[in-house]
Every structure is written in C-alpha cells, then in structure tokens.
>>> print(open('protein.cif').read())   # mmCIF, C-alpha atoms
data_start
#
loop_
_atom_site.label_atom_id
_atom_site.label_comp_id
_atom_site.auth_asym_id
_atom_site.auth_seq_id
_atom_site.Cartn_x
_atom_site.Cartn_y
_atom_site.Cartn_z
CA MET Q 579 5.95 28.67 2.11
CA SER Q 580 2.75 29.17 0.20
CA ARG Q 581 1.37 26.21 -1.65
CA PRO Q 582 1.60 26.64 -5.44
CA GLU Q 583 -1.47 24.48 -6.04
CA HIS Q 584 -3.56 27.17 -4.34
CA THR Q 585 -2.45 29.87 -6.77
CA ALA Q 586 -3.31 28.31 -10.15
CA PRO Q 587 -3.84 24.99 -11.91
CA PRO Q 588 -0.59 23.20 -12.84
CA GLU Q 589 -0.78 23.88 -16.58
CA ILE Q 590 -0.94 27.61 -15.80
CA PHE Q 591 1.32 27.75 -12.75
CA TYR Q 592 4.22 26.07 -14.53
CA ASN Q 593 4.66 28.76 -17.17
CA GLU Q 594 7.92 29.71 -18.85
CA THR Q 595 9.38 31.57 -15.88
CA GLU Q 596 8.47 28.81 -13.43
CA ALA Q 597 9.74 26.14 -15.83
CA SER Q 598 13.08 27.88 -16.34
CA LYS Q 599 13.67 27.67 -12.58
CA TYR Q 600 13.85 23.93 -12.97
CA THR Q 601 17.02 24.23 -14.99
CA ASN Q 602 18.59 27.40 -13.66
CA ASN Q 603 17.97 27.17 -9.94
CA SER Q 604 20.63 24.84 -8.59
CA ARG Q 605 18.81 24.41 -5.28
CA ILE Q 606 15.60 23.17 -6.93
CA VAL Q 607 17.66 20.93 -9.20
CA SER Q 608 19.57 19.36 -6.33
CA ILE Q 609 16.42 18.74 -4.25
CA GLN Q 610 14.62 17.18 -7.24
CA ASN Q 611 17.66 15.03 -7.92
CA GLU Q 612 17.86 13.84 -4.35
CA MET Q 613 14.19 12.92 -4.26
CA SER Q 614 14.43 11.14 -7.60
CA TYR Q 615 17.29 9.00 -6.36
CA ARG Q 616 15.42 8.20 -3.18
CA ALA Q 617 12.29 7.30 -5.18
CA LEU Q 618 14.36 5.05 -7.42
CA GLU Q 619 15.86 3.41 -4.35
CA LEU Q 620 12.38 2.75 -2.97
CA LEU Q 621 11.30 1.43 -6.38
CA ALA Q 622 13.79 -1.44 -5.86
CA LEU Q 623 14.10 -2.46 -9.50
CA PRO Q 624 16.30 -5.51 -10.10
CA GLU Q 625 19.98 -4.56 -10.02
CA GLY Q 626 21.66 -4.02 -13.39
CA GLU Q 627 18.61 -4.70 -15.54
CA PRO Q 628 17.29 -1.88 -17.68
CA ALA Q 629 13.57 -1.43 -17.06
CA PHE Q 630 10.67 0.40 -18.67
CA VAL Q 631 9.61 3.06 -16.18
CA LEU Q 632 6.81 5.61 -16.13
CA ASP Q 633 7.64 9.09 -14.82
CA ILE Q 634 4.39 10.76 -13.76
CA GLY Q 635 4.71 14.52 -13.83
CA CYS Q 636 8.15 14.42 -15.43
CA GLY Q 637 8.31 18.20 -15.79
CA SER Q 638 11.59 19.33 -17.27
CA GLY Q 639 12.95 15.81 -17.10
CA LEU Q 640 15.12 16.12 -13.99
CA SER Q 641 13.89 12.82 -12.61
CA GLY Q 642 14.15 11.38 -16.11
CA GLU Q 643 17.84 12.19 -16.19
CA VAL Q 644 18.28 10.13 -13.05
CA LEU Q 645 16.51 7.25 -14.82
CA ASP Q 646 18.74 7.74 -17.88
CA GLU Q 647 21.83 7.56 -15.71
CA GLU Q 648 20.68 4.25 -14.28
CA GLY Q 649 20.15 2.96 -17.83
CA HIS Q 650 16.36 2.71 -17.75
CA PHE Q 651 14.02 3.46 -20.60
CA TRP Q 652 11.24 5.78 -19.57
CA VAL Q 653 8.06 7.55 -20.57
CA GLY Q 654 7.24 10.90 -19.00
CA LEU Q 655 3.86 12.57 -18.59
CA ASP Q 656 3.22 16.20 -17.74
CA ILE Q 657 0.38 18.66 -18.05
CA SER Q 658 2.56 21.75 -18.48
CA ASP Q 659 3.57 22.63 -22.02
CA SER Q 660 6.33 24.95 -20.85
CA MET Q 661 7.91 22.28 -18.67
CA LEU Q 662 7.89 19.85 -21.60
CA GLU Q 663 9.53 22.53 -23.78
CA VAL Q 664 12.35 22.70 -21.24
CA ALA Q 665 12.59 18.92 -21.25
CA LYS Q 666 12.87 18.94 -25.05
CA GLU Q 667 15.65 21.52 -24.89
CA ARG Q 668 17.52 19.33 -22.44
CA GLU Q 669 17.24 16.46 -24.96
CA VAL Q 670 16.15 13.86 -22.47
CA ASP Q 671 15.99 10.29 -23.76
CA GLY Q 672 12.48 9.42 -22.63
CA ASP Q 673 9.22 9.79 -24.51
CA LEU Q 674 7.28 12.86 -23.44
CA PHE Q 675 3.50 13.13 -23.29
CA LEU Q 676 1.26 16.12 -22.69
CA GLN Q 677 -1.28 14.52 -20.40
CA ASP Q 678 -3.58 15.22 -17.49
CA ILE Q 679 -3.12 12.27 -15.18
CA GLY Q 680 -6.50 12.93 -13.58
CA GLN Q 681 -8.06 11.93 -16.90
CA GLY Q 682 -6.47 8.51 -16.62
CA LEU Q 683 -3.64 6.81 -18.47
CA GLY Q 684 -4.05 4.83 -21.66
CA TYR Q 685 -1.52 2.03 -21.62
CA ARG Q 686 -1.89 -1.65 -22.24
CA PRO Q 687 -1.99 -3.83 -19.13
CA GLY Q 688 1.39 -4.76 -17.68
CA THR Q 689 3.37 -2.20 -19.68
CA PHE Q 690 5.62 -0.68 -17.05
CA ASP Q 691 8.12 -2.25 -14.63
CA GLY Q 692 7.68 0.65 -12.23
CA ALA Q 693 6.51 4.23 -11.86
CA ILE Q 694 7.94 7.24 -10.06
CA SER Q 695 6.44 10.64 -9.46
CA ILE Q 696 8.06 13.62 -7.78
CA SER Q 697 5.93 16.37 -6.19
CA VAL Q 698 2.77 15.74 -8.19
CA LEU Q 699 0.03 14.02 -6.21
CA GLN Q 700 -0.91 17.12 -4.19
CA TRP Q 701 -1.96 18.81 -7.44
CA LEU Q 702 -4.62 16.17 -7.95
CA CYS Q 703 -6.28 17.06 -4.65
CA ASN Q 704 -7.38 20.45 -5.94
CA ALA Q 705 -10.50 21.04 -7.97
CA ASP Q 706 -9.50 23.67 -10.51
CA LYS Q 707 -12.69 23.44 -12.52
CA THR Q 708 -16.22 22.69 -11.42
CA VAL Q 709 -16.17 19.45 -13.40
CA ASN Q 710 -13.04 18.30 -11.57
CA ASN Q 711 -13.83 16.16 -8.60
CA PRO Q 712 -10.56 15.26 -6.81
CA ARG Q 713 -11.84 11.89 -5.61
CA ALA Q 714 -13.04 10.89 -9.06
CA ARG Q 715 -9.78 12.03 -10.64
CA LEU Q 716 -7.66 10.15 -8.08
CA LYS Q 717 -9.77 7.05 -8.62
CA ARG Q 718 -9.43 7.22 -12.39
CA PHE Q 719 -5.71 7.87 -12.14
CA PHE Q 720 -4.94 5.05 -9.70
CA SER Q 721 -7.12 2.46 -11.41
CA THR Q 722 -5.62 3.11 -14.85
CA LEU Q 723 -2.13 3.18 -13.36
CA TYR Q 724 -2.74 -0.14 -11.64
CA SER Q 725 -3.57 -1.84 -14.90
CA ALA Q 726 -0.64 -0.21 -16.73
CA LEU Q 727 1.86 -1.67 -14.24
CA ALA Q 728 3.28 -5.18 -14.47
CA ARG Q 729 2.36 -7.57 -11.64
CA GLY Q 730 4.67 -7.02 -8.70
CA ALA Q 731 5.74 -3.60 -9.95
CA ARG Q 732 5.97 -0.67 -7.58
CA ALA Q 733 4.91 2.94 -7.86
CA ILE Q 734 6.65 5.54 -5.70
CA PHE Q 735 5.12 8.98 -5.24
CA GLN Q 736 6.95 11.75 -3.44
CA PHE Q 737 4.37 14.39 -2.52
CA TYR Q 738 3.64 17.30 -0.22
CA PRO Q 739 0.36 16.63 1.56
CA GLU Q 740 -1.42 19.70 2.85
CA ASN Q 741 -3.18 17.99 5.73
CA PRO Q 742 -3.94 14.50 7.07
CA ASP Q 743 -7.24 14.42 5.16
CA GLN Q 744 -5.37 14.62 1.87
CA ILE Q 745 -3.12 11.73 2.86
CA GLU Q 746 -6.18 9.73 3.80
CA MET Q 747 -7.95 10.56 0.54
CA ILE Q 748 -4.93 9.64 -1.59
CA ILE Q 749 -4.17 6.39 0.22
CA SER Q 750 -7.76 5.22 0.29
CA SER Q 751 -8.12 5.92 -3.46
CA ALA Q 752 -4.97 3.91 -4.14
CA MET Q 753 -6.10 1.00 -1.96
CA ARG Q 754 -9.50 0.95 -3.64
CA ALA Q 755 -7.78 0.69 -7.01
CA GLY Q 756 -6.12 -2.51 -5.80
CA PHE Q 757 -2.72 -1.30 -4.63
CA THR Q 758 -1.12 -2.39 -1.39
CA GLY Q 759 1.61 -0.57 0.48
CA GLY Q 760 1.60 2.66 2.43
CA LEU Q 761 3.35 5.82 3.42
CA VAL Q 762 7.07 6.10 4.16
CA VAL Q 763 8.07 9.31 5.92
CA ASP Q 764 11.76 10.17 5.74
CA PHE Q 765 13.23 12.28 8.54
CA PRO Q 766 9.92 12.60 10.38
CA ASN Q 767 11.43 14.76 13.12
CA SER Q 768 12.85 17.40 10.81
CA ALA Q 769 10.77 20.27 9.49
CA LYS Q 770 12.78 20.72 6.30
CA ALA Q 771 14.13 17.29 5.46
CA LYS Q 772 10.81 15.56 6.15
CA LYS Q 773 9.58 13.90 2.94
CA TYR Q 774 6.52 11.83 2.25
CA TYR Q 775 6.83 8.85 -0.09
CA LEU Q 776 3.78 6.83 -0.99
CA CYS Q 777 4.95 3.30 -1.83
CA LEU Q 778 2.42 1.28 -3.76
CA PHE Q 779 2.70 -2.33 -4.83
CA ALA Q 780 0.67 -3.56 -7.80
CA GLY Q 781 -0.05 -7.14 -6.87
CA PHE Q 782 2.53 -9.82 -6.15
CA LYS Q 783 4.94 -11.40 -8.55
CA ASP Q 784 5.58 -14.78 -6.99
CA ASN Q 785 3.62 -15.58 -3.92
CA ALA Q 786 0.30 -13.97 -3.18
CA GLY Q 787 0.67 -14.82 0.51
CA SER Q 788 3.87 -12.91 1.14
CA SER Q 789 3.15 -9.24 0.73
CA PRO Q 790 6.29 -7.13 0.37
CA ALA Q 791 7.28 -5.20 3.45
CA LEU Q 792 7.18 -1.44 3.39
CA PRO Q 793 10.68 0.01 2.93
CA LYS Q 794 12.33 1.56 5.95
CA ALA Q 795 12.23 5.34 6.23
CA LEU Q 796 15.40 7.35 6.62
CA GLY Q 797 16.28 9.23 9.76
CA GLU Q 798 14.18 7.34 12.22
CA GLY Q 799 14.65 4.41 14.59
CA ASP Q 800 18.18 3.49 15.57
CA GLU Q 801 19.84 6.15 13.48
CA THR Q 802 18.84 9.01 15.75
CA PRO Q 803 20.69 8.76 19.04
CA GLY Q 804 18.98 9.32 22.35
CA HIS Q 805 15.45 8.85 21.14
CA ILE Q 806 12.66 7.26 23.13
CA THR Q 807 11.04 4.12 21.88
CA TYR Q 808 7.35 3.78 22.37
CA GLY Q 809 6.24 0.20 22.68
CA SER Q 810 2.66 -0.89 22.32
CA ASN Q 811 2.70 -2.83 25.59
CA ARG Q 812 3.34 -1.39 29.00
CA ILE Q 813 5.87 -3.42 30.92
CA ARG Q 814 4.13 -4.57 34.07
CA GLU Q 815 5.92 -5.60 37.23
CA ARG Q 816 5.75 -9.32 37.79
CA ARG Q 817 3.18 -10.36 40.39
CA LYS Q 818 4.67 -11.63 43.56
CA GLY Q 819 3.72 -15.05 44.87
CA LYS Q 820 1.25 -15.57 47.69
CA GLU Q 821 3.94 -16.46 50.22
CA GLN Q 822 5.83 -13.23 49.50
CA ARG Q 823 2.85 -11.03 50.32
CA LYS Q 824 2.82 -9.63 53.82
CA PRO Q 825 -0.45 -8.40 55.29
CA VAL Q 826 -0.26 -4.89 56.65
CA LYS Q 827 -2.58 -5.64 59.53
CA ASP Q 828 -0.75 -8.59 61.03
CA LYS Q 829 -1.00 -9.93 64.60
CA ASN Q 830 1.32 -7.29 66.07
CA TRP Q 831 -0.78 -4.51 64.56
CA VAL Q 832 -3.97 -5.95 66.08
CA LEU Q 833 -2.33 -6.39 69.51
CA ARG Q 834 -1.03 -2.85 69.44
CA LYS Q 835 -4.47 -1.46 68.56
CA LYS Q 836 -6.12 -3.44 71.34
CA GLU Q 837 -3.58 -2.19 73.85
CA LEU Q 838 -4.19 1.36 72.73
CA ASN Q 839 -7.96 1.01 73.11
CA ARG Q 840 -7.55 -0.53 76.56
CA THR Q 841 -5.58 2.52 77.73
CA ARG Q 842 -8.40 4.69 76.42
CA GLY Q 843 -10.85 2.81 78.61
CA LYS Q 844 -12.73 1.02 75.89
CA GLU Q 845 -14.14 -2.46 76.19
CA VAL Q 846 -11.67 -4.79 74.47
CA PRO Q 847 -11.83 -8.60 74.21
CA ALA Q 848 -9.07 -10.50 75.97
CA ASP Q 849 -6.10 -11.70 73.93
CA SER Q 850 -6.03 -15.39 73.12
CA LYS Q 851 -4.42 -17.79 70.68
CA TYR Q 852 -7.25 -16.94 68.24
CA THR Q 853 -6.48 -13.22 68.16
CA ALA Q 854 -5.80 -11.89 64.58
CA ARG Q 855 -6.13 -15.36 63.15
CA LYS Q 856 -7.73 -15.83 59.76
CA ARG Q 857 -11.21 -17.37 59.93
CA LYS Q 858 -12.07 -20.59 58.24
CA ILE Q 859 -13.72 -20.16 54.87
CA LYS Q 860 -17.36 -21.25 55.24
CA PHE Q 861 -20.02 -21.31 52.62
CA MET L 1263 7.34 9.20 -29.19
CA ARG L 1264 9.23 6.00 -29.90
CA LEU L 1265 7.49 3.03 -31.45
CA ILE L 1266 7.88 1.00 -28.24
CA THR L 1267 5.54 3.48 -26.56
CA HIS L 1268 3.15 3.54 -29.50
CA ASN L 1269 2.95 -0.24 -29.12
CA MET L 1270 1.78 0.20 -25.51
CA LEU L 1271 -0.51 3.16 -26.03
CA GLN L 1272 -4.26 2.98 -26.30
CA CYS L 1273 -7.11 5.47 -26.29
CA HIS L 1274 -8.23 6.46 -22.79
CA ALA L 1275 -11.33 8.49 -23.60
CA LYS L 1276 -14.39 7.55 -21.60
CA GLY L 1277 -16.86 5.30 -23.38
CA CYS L 1278 -14.37 4.31 -26.04
CA ASP L 1279 -14.90 0.70 -27.13
CA PRO L 1280 -12.01 -1.24 -25.52
CA SER L 1281 -11.81 -3.67 -28.46
CA GLN L 1282 -11.29 -0.74 -30.85
CA SER L 1283 -9.15 1.55 -28.71
CA TYR L 1284 -5.91 -0.24 -29.61
CA PRO L 1285 -3.80 0.36 -31.66
CA LEU L 1286 -3.96 4.06 -32.41
CA GLU L 1287 -3.56 4.66 -36.10
CA LEU L 1288 -0.72 6.96 -37.19
CA LYS L 1289 -1.42 9.39 -40.02
CA GLU L 1290 0.63 12.10 -41.74
CA VAL L 1291 3.78 10.80 -40.13
CA GLN L 1292 7.22 12.38 -39.98
CA LEU L 1293 9.86 10.14 -38.52
CA GLU L 1294 13.30 10.71 -37.11
CA SER L 1295 15.87 8.29 -35.86
CA LEU L 1296 17.86 8.56 -32.69
CA ASP L 1297 20.57 6.60 -30.95
CA ALA L 1298 19.69 4.44 -28.00
CA GLU L 1299 21.92 2.14 -26.04
CA TYR L 1300 21.45 -1.46 -27.08
CA SER L 1301 20.64 -3.85 -24.27
CA GLU L 1302 20.03 -7.44 -25.31
CA ASP L 1303 18.61 -8.25 -21.91
CA PHE L 1304 16.00 -5.50 -22.16
CA ILE L 1305 14.94 -6.45 -25.70
CA ARG L 1306 14.54 -10.11 -24.70
CA ARG L 1307 12.28 -9.13 -21.82
CA LEU L 1308 10.47 -6.60 -23.98
CA ILE L 1309 9.45 -8.98 -26.78
CA PRO L 1310 6.81 -10.94 -24.82
CA LYS L 1311 5.29 -7.61 -23.73
CA LEU L 1312 4.99 -6.24 -27.26
CA ASP L 1313 1.97 -6.78 -29.41
CA TRP L 1314 4.00 -8.33 -32.20
CA ASN L 1315 1.40 -8.02 -34.97
CA VAL L 1316 0.93 -4.33 -34.27
CA LEU L 1317 4.69 -3.70 -34.27
CA VAL L 1318 5.14 -5.55 -37.57
CA HIS L 1319 2.24 -3.68 -39.11
CA THR L 1320 3.37 -0.25 -37.85
CA ALA L 1321 6.98 -0.79 -38.89
CA PHE L 1322 5.84 -1.88 -42.34
CA ALA L 1323 3.32 0.92 -42.78
CA LEU L 1324 5.87 3.55 -41.80
CA GLY L 1325 8.50 1.93 -43.98
CA VAL L 1326 10.98 1.52 -41.13
CA ALA L 1327 11.87 -2.13 -41.45
CA GLU L 1328 10.39 -5.42 -42.45
CA LEU L 1329 9.96 -7.71 -39.49
CA PRO L 1330 8.95 -11.38 -39.73
CA LYS L 1331 5.18 -11.87 -39.48
CA GLU L 1332 5.56 -14.61 -36.89
CA LEU L 1333 7.87 -14.26 -33.94
CA PRO L 1334 10.88 -16.51 -34.78
CA ASP L 1335 11.69 -19.34 -32.38
CA VAL L 1336 15.41 -18.70 -32.51
CA GLN L 1337 16.06 -15.08 -31.70
CA ASP L 1338 19.61 -14.30 -32.80
CA GLU L 1339 21.41 -11.03 -32.30
CA ALA L 1340 20.65 -9.71 -35.78
CA PHE L 1341 16.94 -10.10 -35.07
CA LEU L 1342 17.17 -8.47 -31.64
CA ARG L 1343 19.14 -5.56 -33.11
CA LYS L 1344 16.40 -5.06 -35.64
CA VAL L 1345 13.72 -5.01 -32.94
CA HIS L 1346 15.86 -2.54 -31.00
CA GLN L 1347 16.16 -0.32 -34.06
CA VAL L 1348 12.41 -0.38 -34.70
CA ALA L 1349 11.16 -0.04 -31.15
CA LEU L 1350 13.73 2.23 -29.52
CA GLU L 1351 15.54 4.13 -32.26
CA THR L 1352 12.59 5.18 -34.38
CA ARG L 1353 10.76 8.25 -33.20
CA VAL L 1354 7.56 9.76 -34.48
CA LYS L 1355 8.14 13.50 -34.76
CA GLU L 1356 4.92 14.79 -36.27
CA ALA L 1357 1.71 12.83 -36.79
CA GLN L 1358 -1.98 12.54 -36.10
CA MET L 1359 -2.89 9.58 -33.92
CA VAL L 1360 -6.43 8.49 -34.55
CA CYS L 1361 -8.47 6.17 -32.37
CA ASN L 1362 -10.52 3.72 -34.40
CA GLY L 1363 -13.05 3.39 -31.60
CA CYS L 1364 -14.15 6.95 -30.84
CA GLY L 1365 -12.38 8.85 -33.58
CA HIS L 1366 -10.43 11.06 -31.18
CA VAL L 1367 -7.38 12.61 -32.82
CA TYR L 1368 -4.27 12.94 -30.69
CA PRO L 1369 -1.87 15.29 -32.45
CA ILE L 1370 1.87 14.71 -32.10
CA LYS L 1371 3.87 17.92 -32.21
CA ASP L 1372 7.64 17.95 -32.09
CA GLY L 1373 7.64 14.39 -30.75
CA VAL L 1374 5.19 15.09 -27.92
CA PRO L 1375 1.69 13.62 -28.25
CA ASN L 1376 -1.10 15.73 -26.82
CA MET L 1377 -3.20 13.28 -24.80
CA LEU L 1378 -5.51 15.86 -23.21
CA LEU L 1379 -9.21 15.07 -23.41
CA GLN L 1380 -12.25 17.31 -23.44
CA ASP L 1381 -14.28 17.45 -20.24
CA ASN L 1382 -17.09 15.40 -21.78
CA GLU L 1383 -14.65 12.61 -22.68
CA VAL L 1384 -13.53 11.99 -19.10
#
>>> encode(input="protein.cif", output="structure tokens")
Amino acid sequence: MSRPEHTAPPEIFYNETEASKYTNNSRIVSIQNEMSYRALELLALPEGEPAFVLDIGCGSGLSGEVLDEEGHFWVGLDISDSMLEVAKEREVDGDLFLQDIGQGLGYRPGTFDGAISISVLQWLCNADKTVNNPRARLKRFFSTLYSALARGARAIFQFYPENPDQIEMIISSAMRAGFTGGLVVDFPNSAKAKKYYLCLFAGFKDNAGSSPALPKALGEGDETPGHITYGSNRIRERRKGKEQRKPVKDKNWVLRKKELNRTRGKEVPADSKYTARKRKIKF
Amino acid sequence: MRLITHNMLQCHAKGCDPSQSYPLELKEVQLESLDAEYSEDFIRRLIPKLDWNVLVHTAFALGVAELPKELPDVQDEAFLRKVHQVALETRVKEAQMVCNGCGHVYPIKDGVPNMLLQDNEV
C-alpha cells in the first residue's frame, strides 16, 4: 500500500472524502477500534478509576469512543478540520482541539494521566514545508508532551514506521525529551497483523530505582508453537577432565610405527621401557 | 472546550513569557451545558490538579457558578457536584482566547479551539 504521508500533508490529505471513510468504512473502523483497545491496554491505567487522557491525533474520535466506553475523560487533538467535523457529528464526549502537534502542546505540567495516539507519529517524520524540520518538530512535541503528563504516566503511540531510520529518529527524540520505555511489536512474524507500539514512561511514580518493565508484545514467544528460541549464549560442551583424555599417539601407536619403519629398512631405535614415555618437564 | 481543559491550557507560542502565558483570557463567550457522568473519585483526584484561583475566577467571570475563594477543608458532596458542574458540564462554544503574554488570539469555533500557530511563532 502506498503511504498517505507521501501524497500530501495531513491537514490536506484528510479531507471530507477521506474523513468520511472513518465512519462509513467498517474495516477501517474495526482496525482503529482494535488498536485503540490495545493502546489502552498498554497504557495500564488503574482499574476502575476514571482518568484524564490525551488523545493525540484523535481524528473522527474513534479512539475517543473507546476511552468514553471505559469511562475516561479525554482531550483530543487533530490537525484536520474535516476529521474534527466528523467527530463533532458523532457527538463524542471529549474536548476537541485543532492543533499541529509538531508545534508543541500547551498544557500545564502534570495535566494528563496518560496519552494515546493511533497512526499519527509517522506524519511527523515528513517535512511538508521548508520550515518544517522533522527532528525539531519531534523534539518540540515530545518535550512538551513530557511536561504535560503526570509523573509515572504512560504515552502509547501506535504508528507505521517507514524504515528503521524513522524508528530510530522517533525513539531517540523521545528519550532525549526524558521518556523511558521502548518499542513493542505485536505479531512480529505476520505481515498484516504486525503493529508497532511505542510505549513511553514519563518518569516514575514511586521508586526512581525500579523502572517499569516494557509490556509484553502479542503473538511472540511461547504463544507461537514450534518456534526457535535464540539465546545469547552458545551452550558449550563441558570440558572433560584430564584423566578422561586419551592421547591419540599412545604407546601402541609408536610401537606400530617403529615396526613399520623397520620393515621398510629404516634405522629405528630399539624398544625399551622408555619408549613413548612422556619426558620430565625441565626448565 | 470544557472548563476543566481551559484550566489546564496555556499559550504554547515560542518566546511567550511563561509567567504570562497562563491562564488564557476568554472573550466574547457563548456557553452551553452538557451532561457528563458524575464520578466523585475523579473530582477528588482532579481538585489538587486544578488551579483553584483560575477556576473560581473563570466561573465567576462567565457567570456559571460562585465557588468559594479558598478551597474548603471539608469537601462534601454538594461542593464536589458543583465543581463537577463547573469543570465538566460547562462548555465554551464560541469565544476568543487571548494570551496575556504574547497577545495571540486563539479563536474557538463550534466548541473547537484553533491552536495552530504561524511559522514564526514556532
């Protein structure tokens, strides 16, 4: 499939026709829903407590509806007017903002208990105007996001990286802004179901020493039967003891060789009790 | 935009004085009210996050409700319901949000604030 971010900037690509797909196309809706639920699962908000969540690139509010269902209050940002129009028609509960996330977010420190973003980050990697520098925009976005999140909050980004360089650029920008965490790849062996989730942690709530572990990806490890595990260490055969080692050229071998050379008429020393004996070690 | 979000929002233009960038002043306001599910737990956790003075001032200026100037020590249900009504059930439909630091005007149209900046403000 062609990459939409190569065709036009997001505020132009997501026009009315494109935006209407996000309500009328059941396949798009179901995929968006699935990814939103997975992102929410990775967000690991406390069970049963309504939270204040930021939805970055909320679009028509499909991911917002998932947040509504879970009882969270949310704020959604998007750069496309048409997508926000669709969201308004759907009467989503969250607050909508027309915003370019590459210009940074303006929220007071510690505002949000978490942030999710579905299929957005790859848009930031493109320079649509000469003044847009992807690295600078990523840096501004991540640093303002970091301060807008409460300590210990998480931010989950589902995105479609174009190449490994993009992944590297995005992760290094996030780490420089102060986030910890990393990439979770669901179904890494499947071409279609493979999904990238960037899981970022904004500081630590309780104990600075114990950094939260990266969530486990789906569809890898024990779940797939018959797979090969690659360990970091090669298993070496245990060395045998000295007494177990048998020299190849033992006394019989030497005697046989001498006998052979005698039959060939060569000059061979006589056999004695010293034949094929190890010499004393002398320094 | 609900008032809870206004309470969190500040100007993000480059070079804007951080001491002046919060709160954004609301002008030419049209309000509407909406229903939101009341969650005592959420409101209790929300109150320490709010800038109380700003919320009191905004609610008073917009004529939504009169909140106590100081945060009361005993927070009964009537008080929490009032905070809920102000923060989550009051929505700004049309307005001009003005930053006192750099003077940038963020227009709010049909409940959606336009937070886009010019290239020289980034």
>>> interface_residues(input="protein.cif", of="chain Q", to="chain L", cutoff="8 Å", atoms="only C-alpha atoms", output="list in words")
Glu627, Pro628, Ala629, Val653, Asp673, Leu674, Phe675, Leu676, Gln677, Asp678, Gln681, Gly682, Leu683, Gly684, Tyr685, Arg686, Gly688, Thr689 and Val709 of chain Q
>>> atom_distance(input="protein.cif", atom1="atom CA of Q:Pro739", atom2="atom CA of Q:Ile679")
17.6 Å
>>> atom_distance(input="protein.cif", atom1="atom CA of Q:Ala848", atom2="atom CA of Q:Lys836")
8.9 Å
>>> closest_residue(input="protein.cif", among="Q:Lys827, Q:His584, Q:Arg834, Q:Arg713", to="Q:Gln744", atoms="only C-alpha atoms")
Q:Arg713
>>> residues_near_point(input="protein.cif", point="(12.6, 14.3, -18.6)", cutoff="10 Å", atoms="only C-alpha atoms", output="PyMOL selection string")
chain Q and resi 633+635-646+652-656+661-662+664-666+668-674
>>> residues_near_point(input="protein.cif", point="(2.8, 23.2, -14.7)", cutoff="7 Å", atoms="only C-alpha atoms", output="list in words")
Pro588, Glu589, Ile590, Phe591, Tyr592, Asn593, Ile657, Ser658 and Met661 of chain Q
>>> residues_around(input="protein.cif", residues="L:Pro1330", least_positions_apart="4", cutoff="10 Å", atoms="only C-alpha atoms", output="list in words")
Trp1314, Asn1315, Val1318, Pro1334 and Phe1341 of chain L
>>> atom_distance(input="protein.cif", atom1="atom CA of L:Val1291", atom2="atom CA of L:Glu1356")
5.7 Å
>>> closest_residue(input="protein.cif", among="L:Gln1337, L:Thr1320, L:Gln1347, L:Thr1352", to="L:Leu1288", atoms="all atoms listed in the file")
L:Thr1320
>>> decode(input="protein.cif", residues="stretch 629-679 of chain Q", atoms="C-alpha atoms", output="compact mmCIF listing (two decimals), in the first residue's frame")
# COMPACT_ATOMS: atom_id res chain seq x y z
CA ALA Q 629 -8.65 9.24 34.22
CA PHE Q 630 -7.89 12.37 32.22
CA VAL Q 631 -6.37 11.16 28.96
CA LEU Q 632 -4.91 12.94 25.95
CA ASP Q 633 -5.74 11.54 22.52
CA ILE Q 634 -3.11 12.76 20.07
CA GLY Q 635 -4.44 12.77 16.52
CA CYS Q 636 -7.97 11.90 17.62
CA GLY Q 637 -9.35 12.23 14.09
CA SER Q 638 -13.03 11.42 13.95
CA GLY Q 639 -12.99 10.31 17.56
CA LEU Q 640 -12.91 6.54 17.07
CA SER Q 641 -10.25 6.09 19.72
CA GLY Q 642 -12.10 8.63 21.85
CA GLU Q 643 -15.19 6.45 21.81
CA VAL Q 644 -13.12 3.63 23.25
CA LEU Q 645 -12.00 6.00 26.01
CA ASP Q 646 -15.62 7.05 26.59
CA GLU Q 647 -16.66 3.44 26.94
CA GLU Q 648 -14.04 2.89 29.61
CA GLY Q 649 -15.35 5.96 31.46
CA HIS Q 650 -12.34 8.22 30.94
CA PHE Q 651 -12.43 11.94 30.32
CA TRP Q 652 -10.34 12.93 27.34
CA VAL Q 653 -8.99 15.75 25.23
CA GLY Q 654 -8.38 15.14 21.53
CA LEU Q 655 -6.02 16.95 19.19
CA ASP Q 656 -6.05 16.82 15.41
CA ILE Q 657 -4.74 18.91 12.55
CA SER Q 658 -7.51 18.03 10.10
CA ASP Q 659 -10.59 20.22 10.16
CA SER Q 660 -12.66 17.69 8.24
CA MET Q 661 -11.86 14.90 10.67
CA LEU Q 662 -12.87 17.13 13.59
CA GLU Q 663 -16.14 17.93 11.77
CA VAL Q 664 -16.87 14.21 11.65
CA ALA Q 665 -16.00 13.92 15.33
CA LYS Q 666 -18.44 16.74 16.13
CA GLU Q 667 -21.18 15.00 14.16
CA ARG Q 668 -20.57 11.84 16.15
CA GLU Q 669 -21.03 13.88 19.35
CA VAL Q 670 -18.02 12.50 21.13
CA ASP Q 671 -17.66 13.48 24.78
CA GLY Q 672 -14.09 14.71 24.71
CA ASP Q 673 -12.79 18.22 24.08
CA LEU Q 674 -11.54 18.68 20.55
CA PHE Q 675 -8.65 20.90 19.52
CA LEU Q 676 -7.42 21.92 16.09
CA GLN Q 677 -3.69 21.62 16.67
CA ASP Q 678 -0.44 20.78 14.96
CA ILE Q 679 1.38 18.56 17.43
